[in-house]
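Visitor: Encoded as structure tokens, here's the structure I'll be asking about.
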Amino acid sequence: MTINNSNVTTKKLRHLLRNTTSHWVGNGFPVRSLFTYSEIGPQISPFLLFDYAGPANFPPTEKRLGVGEHPHRGFETVTIVYDGEVEHRDSSGGGGKIGPGDVQWMTAASGIVHEEFHGQDYARKGGPFEMVQLWINLPSQYKMSQPRYQSIVNSQIPVAPLPGDHGAVRVIAGEFNGIKGPAQTFSPIQVWDMRTASGQTVDLKLTAGHSAVLAVLKGSVSIIDTGSIGEAEVAIFDQQGDHIRFKSEQDTTALLLSGQPLGEPIVGSGPFVMNTADEIRQAKMDYLSGKMGQLVS
């Protein structure tokens with residue numbers, strides 16, 4: 001929510017991260033990883049990874065572009081589409097197509113096999129492509145729970161105005177000014193997709209002790225008394241304090257991520273994130289033996 005109370009404690013900027021180097025995930029996703037748990041896991045918990053795909057333009061094609069069958073265990077993947085289309089299917093029976101404004105929230109949990117490709121209609125037409133994929137850790141007690149799939153279309157995501165017509169917030173998960181997002185989560189998480197107007201100052205009330213990440217996708221903002229954050233840059237804040245304050249230097253699209261740190265060991269290897277090395281070894285064996293299921297043609 002937005003506040004104007006002098007008796008608040010500001011979350012201080014701890015890291016400013018940028019990555020100008022992209023890599024391909026499969027043949028359909030040109031990705032910049034803006035943060036990963038291997039570098040700053042405890043500070044961003046329960047978030048693990050932020051991949052920013054695009055902005056890019058794909059020419060029309062009949063080829064199937066994307067990433068083929070692969071497993072996950074121990075966490076959730078959240079895909080937010082700004083341009084283009086993604087088609088997904090997984091071994092739990094989940095799947096579908098998501099387009100601009102839509103969100104795919106896949107809980108791998110005990111294990112899932114899935115694939116992600118450009119939507120066939122989009123591929124034939126080509127055009128702009130931009131999306132974000134987050135990895136969100138699961139508390140240890142839920143890592144071996146049943147996988148599930150949430151398809152959240154744009155019309156299901158409520159939009160909350162920032163006071164003074166300074167912008168708007170699409171509430172994907174958590175709550176903003178009493179408006180709740182549709183995503184079901186396993187721990188307290190806020191995922192706000194924000195549009196802020198140039199020249200406006202925004203105060204966001206968060207929870208003391210929770211992580212806080214501001215990722216700018218388009219435009220730029222200045223953190224009060226700190227510095228500017230531009231496109232494809234991420235600000236990581238201290239968990240102490242209960243709000244952040246910034247000014248939009250341009251019309252800006254940004255994601256605000258906040259959540260209760262899990263305070264548990266993070267041990268990962270490729271597509272698996274667990275709490276111990278033994279659990280990782282077991283995940284690999286379970287996948288190779290087919291216990292995570294398979295995609296049905």
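Chains: A, B, ... in order of the structure tokens. Residues: from 1 per chain. Ligands: from 1, in order shown.
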Would you give me, as a VMD selection string, the residues in region 190-262 of chain A that DSSP reads as strand (DSSP E)?
Guide: chain A and resid 190 to 196 201 to 205 211 to 218 221 to 223 227 to 229 233 to 237 243 to 248 252 to 259
Visitor: For Val267 (chain A), list every protein, DNA or RNA residue within 7 Å, evaluated using only C-alpha atoms, and leave out those in the same chain fewer than 3 positions away; present the list as a PDB file with all heavy atoms, in the first residue's frame.
Guide:
```pdb
ATOM      1  N   VAL A 273      15.909 -27.841  -6.504  1.00  0.00           N
ATOM      2  CA  VAL A 273      16.307 -27.016  -5.357  1.00  0.00           C
ATOM      3  C   VAL A 273      15.692 -27.643  -4.109  1.00  0.00           C
ATOM      4  O   VAL A 273      14.474 -27.654  -3.934  1.00  0.00           O
ATOM      5  CB  VAL A 273      15.855 -25.557  -5.492  1.00  0.00           C
ATOM      6  CG1 VAL A 273      16.320 -24.752  -4.273  1.00  0.00           C
ATOM      7  CG2 VAL A 273      16.400 -24.930  -6.772  1.00  0.00           C
ATOM      8  N   MET A 274      16.584 -28.163  -3.247  1.00  0.00           N
ATOM      9  CA  MET A 274      16.144 -28.831  -2.036  1.00  0.00           C
ATOM     10  C   MET A 274      16.887 -28.250  -0.834  1.00  0.00           C
ATOM     11  O   MET A 274      17.430 -27.149  -0.919  1.00  0.00           O
ATOM     12  CB  MET A 274      16.369 -30.340  -2.176  1.00  0.00           C
ATOM     13  CG  MET A 274      15.645 -30.984  -3.363  1.00  0.00           C
ATOM     14  SD  MET A 274      13.832 -30.840  -3.298  1.00  0.00           S
ATOM     15  CE  MET A 274      13.471 -31.985  -1.963  1.00  0.00           C
ATOM     16  N   ASN A 275      16.910 -28.994   0.281  1.00  0.00           N
ATOM     17  CA  ASN A 275      17.569 -28.509   1.497  1.00  0.00           C
ATOM     18  C   ASN A 275      18.880 -29.218   1.801  1.00  0.00           C
ATOM     19  O   ASN A 275      19.684 -28.713   2.589  1.00  0.00           O
ATOM     20  CB  ASN A 275      16.631 -28.654   2.704  1.00  0.00           C
ATOM     21  CG  ASN A 275      15.349 -27.860   2.560  1.00  0.00           C
ATOM     22  OD1 ASN A 275      14.259 -28.428   2.507  1.00  0.00           O
ATOM     23  ND2 ASN A 275      15.460 -26.544   2.486  1.00  0.00           N
ATOM     24  N   THR A 276      19.108 -30.390   1.198  1.00  0.00           N
ATOM     25  CA  THR A 276      20.335 -31.150   1.460  1.00  0.00           C
ATOM     26  C   THR A 276      20.854 -31.759   0.162  1.00  0.00           C
ATOM     27  O   THR A 276      20.105 -31.954  -0.809  1.00  0.00           O
ATOM     28  CB  THR A 276      20.092 -32.283   2.473  1.00  0.00           C
ATOM     29  OG1 THR A 276      19.264 -33.291   1.868  1.00  0.00           O
ATOM     30  CG2 THR A 276      19.433 -31.770   3.757  1.00  0.00           C
ATOM     31  N   ALA A 277      22.143 -32.108   0.183  1.00  0.00           N
ATOM     32  CA  ALA A 277      22.752 -32.771  -0.964  1.00  0.00           C
ATOM     33  C   ALA A 277      22.134 -34.148  -1.190  1.00  0.00           C
ATOM     34  O   ALA A 277      21.976 -34.584  -2.341  1.00  0.00           O
ATOM     35  CB  ALA A 277      24.258 -32.882  -0.766  1.00  0.00           C
TER      36      ALA A 277
END
```
Visitor: Show me, as a ChimeraX atom specification, the residues that have an atom within 12 Å of Gly164 (chain A) when counting only C-alpha atoms, minus same-chain residues fewer than 6 positions from it.
Guide: /A:2,196-197,200-202
Visitor: For a quick check of understanding, using only C-alpha atoms, which of A:Leu288, A:Leu204, A:Leu48, A:Leu257 has the smallest distance to Gly174 (chain A)?
Guide: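 When distances to Gly174 (chain A) are compared using only C-alpha atoms, the smallest one comes from A:Leu257.
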Visitor: Please return, as a list in words, all residues of region 117-263 of chain A that DSSP assigns to alpha helix (DSSP H) on the basis of the backbone.
Guide: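 Everything in region 117-263 of chain A that counts as alpha helix (DSSP H) is Gln120, Asp121, Tyr122, Ala123, Arg124 and Lys125 of chain A.
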Visitor: Which residues come within 8 Å of Glu76 (chain A), counting only C-alpha atoms, excluding same-chain residues fewer than 4 positions away, as number ranges by chain?
Guide: A: 105-109, 135-138
Visitor: Write out, as a short mmCIF file (atom, residue, chain, number, x, y, z; two decimals), in the first residue's frame, the residues just selected, with C-alpha atoms.
Guide:
```cif
data_model
loop_
_atom_site.label_atom_id
_atom_site.label_comp_id
_atom_site.auth_asym_id
_atom_site.auth_seq_id
_atom_site.Cartn_x
_atom_site.Cartn_y
_atom_site.Cartn_z
CA TRP A 105 2.17 -20.49 -11.72
CA MET A 106 3.56 -24.03 -11.72
CA THR A 107 4.31 -25.81 -8.45
CA ALA A 108 6.87 -28.52 -9.16
CA ALA A 109 6.99 -29.65 -5.50
CA TRP A 135 11.67 -19.33 -9.31
CA ILE A 136 10.11 -19.30 -5.84
CA ASN A 137 11.34 -21.66 -3.15
CA LEU A 138 9.01 -23.92 -1.21
#
```
